[in-house]
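A.B. asks: Have a peek at query_0.cif (mmCIF, C-alpha atoms).
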data_query
#
loop_
_atom_site.label_atom_id
_atom_site.label_comp_id
_atom_site.auth_asym_id
_atom_site.auth_seq_id
_atom_site.Cartn_x
_atom_site.Cartn_y
_atom_site.Cartn_z
CA MET J 1 0.00 0.00 0.00
CA ASN J 2 1.18 3.50 -0.75
CA PRO J 3 0.66 6.32 1.80
CA SER J 4 -2.53 7.51 0.10
CA ASP J 5 -4.04 4.02 0.24
CA ARG J 6 -3.27 3.71 3.93
CA LEU J 7 -4.80 7.10 4.72
CA LEU J 8 -7.98 6.28 2.78
CA ARG J 9 -8.32 2.89 4.45
CA VAL J 10 -8.02 4.47 7.89
CA MET J 11 -10.68 7.04 7.03
CA GLU J 12 -12.98 4.37 5.57
CA TYR J 13 -12.55 2.23 8.69
CA LEU J 14 -13.36 5.11 11.00
CA THR J 15 -16.35 6.06 8.86
CA GLU J 16 -17.75 2.53 9.23
CA ALA J 17 -17.28 2.81 12.99
CA GLY J 18 -19.47 5.92 13.08
CA GLN J 19 -19.40 7.69 16.45
CA GLN J 20 -18.16 4.61 18.28
CA PRO J 21 -14.64 4.96 19.74
CA VAL J 22 -12.07 2.71 18.05
CA LYS J 23 -8.99 1.23 19.68
CA GLN J 24 -5.85 2.17 17.81
CA VAL J 25 -4.45 -1.33 18.30
CA ASP J 26 -7.58 -2.83 16.70
CA LEU J 27 -7.36 -0.46 13.78
CA ALA J 28 -3.71 -1.35 13.15
CA ARG J 29 -4.48 -5.07 13.33
CA ASP J 30 -7.58 -5.02 11.13
CA LEU J 31 -5.93 -2.89 8.43
CA ASP J 32 -2.53 -4.60 8.69
CA ILE J 33 -0.80 -1.26 9.19
CA SER J 34 2.24 -0.98 11.45
CA PRO J 35 1.64 0.89 14.74
CA ALA J 36 4.31 3.45 13.84
CA THR J 37 2.71 4.21 10.46
CA LEU J 38 -0.75 4.37 12.00
CA ASN J 39 0.53 6.76 14.68
CA ARG J 40 1.68 9.16 11.96
CA ILE J 41 -1.65 9.00 10.15
CA ILE J 42 -3.62 9.47 13.36
CA LYS J 43 -1.45 12.42 14.37
CA VAL J 44 -2.07 14.19 11.05
CA LEU J 45 -5.83 13.65 11.26
CA SER J 46 -5.86 14.68 14.91
CA ASP J 47 -3.78 17.82 14.33
CA ARG J 48 -6.21 18.87 11.60
CA GLY J 49 -9.24 18.21 13.77
CA TYR J 50 -10.61 15.20 11.92
CA LEU J 51 -10.55 12.96 14.97
CA PHE J 52 -10.08 13.03 18.74
CA ARG J 53 -7.75 10.81 20.75
CA THR J 54 -8.57 9.78 24.30
CA SER J 55 -6.13 9.02 27.08
CA GLU J 56 -6.98 5.31 26.72
CA ARG J 57 -5.75 5.36 23.09
CA PHE J 58 -9.25 5.32 21.67
CA ILE J 59 -10.01 7.25 18.51
CA VAL J 60 -13.26 9.14 17.96
CA PRO J 61 -13.96 10.28 14.35
CA ASN J 62 -14.91 13.91 13.74
CA PHE J 63 -15.64 13.80 10.03
CA ARG J 64 -17.99 12.43 7.38
CA PHE J 65 -16.37 10.53 4.55
CA THR J 66 -18.79 9.20 1.97
CA ARG J 67 -19.01 8.57 -1.75
CA ASN J 68 -21.79 10.27 -3.68
CA VAL J 69 -22.00 7.02 -5.63
CA PRO J 70 -21.12 4.39 -3.01
CA MET J 71 -18.91 1.94 -4.94
CA SER J 72 -16.04 0.48 -2.94
CA ALA J 73 -12.70 -0.75 -4.28
CA ALA J 74 -13.91 -4.36 -3.98
CA TYR J 75 -17.14 -3.50 -5.80
CA LEU J 76 -15.30 -1.72 -8.60
CA GLU J 77 -12.96 -4.66 -9.02
CA VAL J 78 -15.86 -7.05 -9.56
CA LEU J 79 -17.68 -4.50 -11.73
CA ASN J 80 -14.65 -4.26 -14.03
CA GLU J 81 -14.39 -8.04 -14.15
CA VAL J 82 -18.02 -8.67 -15.09
CA MET J 83 -17.95 -5.91 -17.70
CA ALA J 84 -14.82 -7.40 -19.29
CA GLU J 85 -16.40 -10.87 -19.25
CA ILE J 86 -19.54 -9.61 -20.99
CA THR J 87 -17.52 -7.87 -23.68
CA GLU J 88 -15.36 -10.95 -24.25
CA ALA J 89 -18.33 -13.31 -24.42
CA LYS J 90 -20.69 -11.21 -26.54
CA GLN J 91 -18.41 -8.79 -28.37
CA VAL J 92 -20.40 -5.76 -27.24
CA PHE J 93 -19.50 -2.64 -25.34
CA CYS J 94 -20.31 -2.80 -21.65
CA GLU J 95 -20.83 0.40 -19.64
CA ALA J 96 -21.35 1.53 -16.06
CA VAL J 97 -23.24 4.83 -16.07
CA VAL J 98 -24.13 6.89 -13.00
CA VAL J 99 -26.34 9.97 -12.64
CA THR J 100 -24.99 13.32 -11.49
CA GLY J 101 -27.54 16.11 -11.19
CA GLN J 102 -29.44 16.15 -14.47
CA ASP J 103 -26.79 14.27 -16.43
CA LEU J 104 -25.85 10.70 -17.20
CA PHE J 105 -22.15 10.27 -16.43
CA TRP J 106 -20.11 7.40 -17.87
CA HIS J 107 -18.14 5.88 -15.00
CA SER J 108 -16.46 3.24 -17.15
CA ARG J 109 -16.72 1.45 -20.46
CA THR J 110 -15.02 -1.54 -22.01
CA ASN J 111 -13.13 -1.37 -25.30
CA LEU J 112 -14.11 -3.31 -28.40
CA PRO J 113 -11.31 -3.06 -31.00
CA ASN J 114 -13.23 -4.74 -33.84
CA SER J 115 -16.49 -2.89 -33.37
CA GLN J 116 -18.45 -1.95 -36.47
CA ILE J 117 -19.33 1.38 -34.89
CA GLU J 118 -17.47 4.09 -33.05
CA ILE J 119 -18.84 5.07 -29.66
CA ARG J 120 -18.19 8.54 -28.29
CA ALA J 121 -19.23 7.77 -24.74
CA LYS J 122 -16.32 6.64 -22.60
CA ALA J 123 -15.23 7.20 -19.00
CA GLY J 124 -15.88 10.85 -18.13
CA PHE J 125 -18.47 11.44 -20.87
CA ARG J 126 -21.69 13.09 -19.74
CA ARG J 127 -25.03 13.71 -21.41
CA PRO J 128 -28.25 15.37 -20.22
CA LEU J 129 -31.19 13.24 -19.11
CA TYR J 130 -33.37 15.21 -21.52
CA GLU J 131 -32.49 12.74 -24.27
CA LEU J 132 -34.98 10.00 -23.47
CA ASP J 133 -32.98 6.91 -24.31
CA ALA J 134 -33.33 3.64 -22.38
CA MET J 135 -31.30 4.85 -19.40
CA SER J 136 -32.96 8.24 -19.17
CA ARG J 137 -36.45 6.74 -19.41
CA LEU J 138 -35.72 4.31 -16.58
CA TYR J 139 -34.18 6.93 -14.33
CA MET J 140 -36.79 9.61 -14.93
CA ALA J 141 -39.56 7.11 -14.14
CA ARG J 142 -38.02 6.61 -10.69
CA LEU J 143 -38.32 10.31 -9.88
CA GLY J 144 -42.09 10.68 -10.11
CA GLN J 145 -44.05 13.20 -12.14
CA ASP J 146 -44.28 15.87 -9.44
CA TYR J 147 -40.51 15.93 -9.03
CA ILE J 148 -39.96 16.01 -12.80
CA ASP J 149 -42.36 18.92 -13.24
CA TYR J 150 -40.56 20.84 -10.48
CA GLN J 151 -36.93 20.11 -11.45
CA PHE J 152 -37.05 19.70 -15.24
CA ASN J 153 -38.35 21.62 -18.23
CA ILE J 154 -40.85 19.06 -19.46
CA ARG J 155 -40.92 20.63 -22.94
CA THR J 156 -37.19 20.02 -23.49
CA PHE J 157 -37.26 16.23 -23.66
CA HIS J 158 -36.50 14.65 -27.04
CA ASP J 159 -35.80 11.28 -28.61
CA ASN J 160 -32.35 9.85 -29.36
CA SER J 161 -32.72 9.61 -33.13
CA PRO J 162 -30.38 11.51 -35.48
CA ALA J 163 -33.00 14.28 -35.66
CA LEU J 164 -33.29 14.56 -31.85
CA THR J 165 -37.01 15.03 -32.38
CA PRO J 166 -38.62 16.93 -29.48
CA TYR J 167 -41.50 15.47 -27.51
CA SER J 168 -44.53 17.40 -26.45
CA ALA J 169 -45.03 17.64 -22.69
CA GLU J 170 -47.80 15.04 -22.91
CA GLU J 171 -45.67 12.63 -24.95
CA ALA J 172 -42.73 12.96 -22.56
CA ARG J 173 -44.94 12.28 -19.55
CA GLU J 174 -46.47 9.20 -21.19
CA ILE J 175 -43.10 7.77 -22.21
CA ILE J 176 -41.66 8.24 -18.74
CA ALA J 177 -44.76 6.90 -16.99
CA ALA J 178 -44.64 3.75 -19.13
CA HIS J 179 -41.31 2.84 -17.50
CA ALA J 180 -42.48 3.15 -13.89
CA GLY J 181 -41.49 0.09 -11.89
CA ARG J 182 -39.21 -1.23 -14.63
CA ASP J 183 -35.49 -1.92 -14.27
CA PHE J 184 -34.65 -2.89 -17.87
CA ALA J 185 -35.07 -1.03 -21.14
CA PHE J 186 -33.52 -0.91 -24.61
CA ASP J 187 -33.33 1.14 -27.80
CA LEU J 188 -33.72 -1.35 -30.63
CA GLU J 189 -33.51 1.18 -33.47
CA GLY J 190 -30.25 2.61 -32.18
CA ASN J 191 -29.34 6.18 -31.37
CA ARG J 192 -28.07 8.95 -33.61
CA VAL J 193 -24.67 7.22 -34.01
CA GLY J 194 -26.26 3.84 -34.77
CA LEU J 195 -25.75 2.30 -31.33
CA ARG J 196 -28.31 -0.08 -29.82
CA ARG J 197 -28.20 -0.11 -26.02
CA PHE J 198 -29.71 -2.44 -23.41
CA ALA J 199 -29.74 -0.95 -19.89
CA LEU J 200 -30.35 -2.48 -16.47
CA VAL J 201 -30.72 -0.59 -13.18
CA VAL J 202 -28.36 -1.59 -10.35
CA GLU J 203 -29.55 -0.59 -6.88
CA ASP J 204 -27.85 -0.71 -3.50
CA LEU J 205 -29.12 -3.03 -0.77
CA ASP J 206 -31.62 -0.41 0.38
CA GLY J 207 -33.20 -0.04 -3.05
CA ASN J 208 -31.50 3.26 -3.92
CA PHE J 209 -30.33 3.84 -7.49
CA LEU J 210 -26.62 3.11 -7.85
CA HIS J 211 -25.82 2.99 -11.57
CA PHE J 212 -26.78 1.50 -14.91
CA LEU J 213 -25.10 -1.55 -16.36
CA THR J 214 -25.44 -1.69 -20.14
CA MET J 215 -24.63 -3.71 -23.21
CA ALA J 216 -24.25 -1.67 -26.39
CA GLU J 217 -23.80 -2.80 -29.98
CA ALA J 218 -24.22 -1.62 -33.56
CA ALA J 219 -27.93 -1.39 -34.41
CA LEU J 220 -27.77 -3.99 -37.17
CA PRO J 221 -30.57 -6.43 -38.08
CA VAL J 222 -30.56 -9.68 -36.10
CA PRO J 223 -32.47 -12.91 -36.95
CA ASP J 224 -34.37 -13.11 -33.66
CA MET J 225 -34.63 -9.84 -31.76
CA GLU J 226 -36.80 -11.32 -29.02
CA ALA J 227 -34.14 -13.91 -28.28
CA ARG J 228 -31.48 -11.18 -28.28
CA ILE J 229 -33.45 -9.12 -25.77
CA GLU J 230 -34.03 -12.11 -23.51
CA SER J 231 -30.38 -13.17 -23.66
CA TYR J 232 -28.98 -9.72 -22.88
CA HIS J 233 -31.49 -9.19 -20.08
CA ARG J 234 -30.41 -12.48 -18.50
CA ILE J 235 -26.71 -11.65 -18.83
CA LEU J 236 -27.16 -8.24 -17.23
CA LYS J 237 -29.23 -9.68 -14.37
CA GLU J 238 -26.58 -12.32 -13.69
CA ALA J 239 -23.91 -9.61 -13.60
CA ARG J 240 -26.05 -7.56 -11.23
CA GLY J 241 -26.36 -10.62 -9.01
CA GLN J 242 -22.57 -10.80 -8.71
CA LEU J 243 -22.46 -7.12 -7.76
CA MET J 244 -25.19 -7.59 -5.18
CA THR J 245 -23.14 -10.38 -3.61
CA VAL J 246 -20.24 -7.97 -3.14
CA MET J 247 -22.52 -5.43 -1.45
CA GLU J 248 -24.00 -8.09 0.84
CA THR J 249 -20.54 -9.28 1.84
CA GLU J 250 -19.41 -5.74 2.58
CA ARG J 251 -22.50 -5.06 4.67
CA ARG J 252 -21.87 -8.18 6.76
CA GLU J 253 -18.24 -7.21 7.25
CA ALA J 254 -19.24 -3.68 8.25
CA GLU J 255 -21.68 -5.08 10.79
CA VAL J 256 -18.99 -7.30 12.28
CA LEU J 257 -16.73 -4.25 12.52
CA ARG J 258 -19.44 -2.22 14.25
CA GLN J 259 -20.09 -4.99 16.74
CA ALA J 260 -16.38 -5.32 17.46
CA SER J 261 -16.10 -1.57 17.95
CA ASN J 262 -19.08 -1.55 20.30
CA ALA J 263 -17.60 -4.41 22.29
CA GLY J 264 -14.26 -2.65 22.50
CA GLY J 265 -15.86 0.61 23.56
CA GLY J 266 -17.91 -1.05 26.26
#
Take the structure from the file and write it as structure tokens.

C.D. replies:
Amino acid sequence: MNPSDRLLRVMEYLTEAGQQPVKQVDLARDLDISPATLNRIIKVLSDRGYLFRTSERFIVPNFRFTRNVPMSAAYLEVLNEVMAEITEAKQVFCEAVVVTGQDLFWHSRTNLPNSQIEIRAKAGFRRPLYELDAMSRLYMARLGQDYIDYQFNIRTFHDNSPALTPYSAEEAREIIAAHAGRDFAFDLEGNRVGLRRFALVVEDLDGNFLHFLTMAEAALPVPDMEARIESYHRILKEARGQLMTVMETERREAEVLRQASNAGGG
């Protein structure tokens, strides 16, 4: 581990502990950090007011350290693996797309050297939700009409065809409402660059939106589109299942850590 990794792991550990005091010796053991190195990290955080140290060598956090999109290092590792596996098996692009404000934001995307189409969207790319493609339709439907009317200009929504044809307010509302309760959608005709995308919602363990997982390919004719839809839906759901397993494991580990901290503080 480099110094930055060690600092982040200490902060993540203390964040999981919440307001419960943590023994410095337990922290060093659980993170496999030498006492001397941990002392230096704790001193820096203490000097800057991010934590308090008691006379019994307990540590009390004085900060909040959270991800806006809560994806841990372990989660991201599995996410990258399943995306690479999908691309290798099906020769399609695979994407992880989050939402920031009123934009879709591409967190990551696999490469496909022999693709018949070029795709502009790659890590760091962002695009407004006003373009009602599969992802936007699914996400907007989660917000509810009252929220949409308050936060968005309902007359600015449009399709994802080359013409970017605008929708009337009534059409936009109907399209969004039709996706209520759904977690999977697709654009069979392709977008303005000829890309057909299949999108699945990935939620955290509490049912909150986390990100989209997609498969994207050139919008070329296929012999059996229904079979293609069913196959891609199954693949994406299986991938989501692997990601859910990571989240469940991390929640159990966090609970064990909290219980250990409570026992140590008692």

A.B. asks: Assuming the chain letters and numbering stay as they are in my file, what does the PyMOL selection byres ((chain J and resi 11) around 10) actually select? List them as a ChimeraX atom specification.

C.D. replies: /J:5-10,12-17,41-42,45,50-51,61,63-66

A.B. asks: Pull out every residue that the PyMOL selection byres ((chain J and resi 229) around 12) matches in the shown coordinates and put them as a list in words.

C.D. replies: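 Output from the PyMOL selection byres ((chain J and resi 229) around 12), applied to this file: Phe184, Ala185, Phe186, Asp187, Leu188, Arg196, Arg197, Phe198, Ala199, Leu200, Met215, Ala216, Val222, Pro223, Asp224, Met225, Glu226, Ala227, Arg228, Glu230, Ser231, Tyr232, His233, Arg234, Ile235 and Leu236 of chain J.
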
A.B. asks: I need the output of the PyMOL selection byres ((chain J and resi 148) around 12) for this file as JSON, numbers by chain; which residues are they?

C.D. replies: {"J": [102, 129, 130, 137, 139, 140, 141, 142, 143, 144, 145, 146, 147, 149, 150, 151, 152, 153, 154, 155, 156, 157, 169, 172, 173, 176, 177]}

A.B. asks: Report, in Å with one decimal, the straight-line distance from atom CA of J:Met135 to atom CA of J:Val99.

C.D. replies: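 Pair atom CA of J:Met135 / atom CA of J:Val99 returns 9.8 Å.
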
A.B. asks: Set the distance at 12 Å and use all atoms listed in the file: which residues neighbour J:Thr249 once local chain neighbours fewer than 6 positions away are removed? I'd like the list as a ChimeraX atom specification.

C.D. replies: /J:72,74-75,205,242-243,255-256

A.B. asks: With all atoms listed in the file as the counted atoms, please give the residues lying no more than 10 Å from J:Thr54, apart from itself and same-chain residues fewer than 3 positions off, as a PyMOL selection string.

C.D. replies: chain J and resi 21+23+57-60

A.B. asks: Leaving out stretch 83-94 of chain J and any residue of its chain fewer than 3 positions from it, which residues lie within 10 Å of it when counting all atoms listed in the file, given as a list in words?

C.D. replies: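 Using all atoms listed in the file, the neighbours found are Val78, Leu79, Asn80, Val97, Ser108, Arg109, Thr110, Asn111, Leu112, Pro113, Asn114, Ser115, Ile119, Leu195, Arg197, Phe198, Ala199, Leu213, Thr214, Met215, Ala216, Glu217, Ala218, Tyr232, Ile235, Leu236 and Ala239 of chain J.
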
A.B. asks: Produce a file of the selected residues containing C-alpha atoms, as a PDB file, in the frame of the given file.

C.D. replies:
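Result file result_34.pdb:
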ATOM      1  CA  VAL J  78     -15.860  -7.050  -9.560  1.00  0.00           C
ATOM      2  CA  LEU J  79     -17.680  -4.500 -11.730  1.00  0.00           C
ATOM      3  CA  ASN J  80     -14.650  -4.260 -14.030  1.00  0.00           C
ATOM      4  CA  VAL J  97     -23.240   4.830 -16.070  1.00  0.00           C
ATOM      5  CA  SER J 108     -16.460   3.240 -17.150  1.00  0.00           C
ATOM      6  CA  ARG J 109     -16.720   1.450 -20.460  1.00  0.00           C
ATOM      7  CA  THR J 110     -15.020  -1.540 -22.010  1.00  0.00           C
ATOM      8  CA  ASN J 111     -13.130  -1.370 -25.300  1.00  0.00           C
ATOM      9  CA  LEU J 112     -14.110  -3.310 -28.400  1.00  0.00           C
ATOM     10  CA  PRO J 113     -11.310  -3.060 -31.000  1.00  0.00           C
ATOM     11  CA  ASN J 114     -13.230  -4.740 -33.840  1.00  0.00           C
ATOM     12  CA  SER J 115     -16.490  -2.890 -33.370  1.00  0.00           C
ATOM     13  CA  ILE J 119     -18.840   5.070 -29.660  1.00  0.00           C
ATOM     14  CA  LEU J 195     -25.750   2.300 -31.330  1.00  0.00           C
ATOM     15  CA  ARG J 197     -28.200  -0.110 -26.020  1.00  0.00           C
ATOM     16  CA  PHE J 198     -29.710  -2.440 -23.410  1.00  0.00           C
ATOM     17  CA  ALA J 199     -29.740  -0.950 -19.890  1.00  0.00           C
ATOM     18  CA  LEU J 213     -25.100  -1.550 -16.360  1.00  0.00           C
ATOM     19  CA  THR J 214     -25.440  -1.690 -20.140  1.00  0.00           C
ATOM     20  CA  MET J 215     -24.630  -3.710 -23.210  1.00  0.00           C
ATOM     21  CA  ALA J 216     -24.250  -1.670 -26.390  1.00  0.00           C
ATOM     22  CA  GLU J 217     -23.800  -2.800 -29.980  1.00  0.00           C
ATOM     23  CA  ALA J 218     -24.220  -1.620 -33.560  1.00  0.00           C
ATOM     24  CA  TYR J 232     -28.980  -9.720 -22.880  1.00  0.00           C
ATOM     25  CA  ILE J 235     -26.710 -11.650 -18.830  1.00  0.00           C
ATOM     26  CA  LEU J 236     -27.160  -8.240 -17.230  1.00  0.00           C
ATOM     27  CA  ALA J 239     -23.910  -9.610 -13.600  1.00  0.00           C
TER      28      ALA J 239
END

A.B. asks: Work out how far apart atom CA of J:Val44 and atom CA of J:Arg258 are and give it in Å to one decimal.

C.D. replies: 24.1 Å

A.B. asks: Using all atoms listed in the file, which of the listed residues (J:Leu138, J:Trp106, J:Gln24, J:His211) sits closest to J:Gly181?

C.D. replies: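 The closest residue to J:Gly181 is J:Leu138.
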
A.B. asks: Grab the atom CA of J:Arg126 to atom CA of J:Val193 distance for me, in Å with one decimal place.

C.D. replies: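 Going from atom CA of J:Arg126 over to atom CA of J:Val193, I get 15.7 Å.
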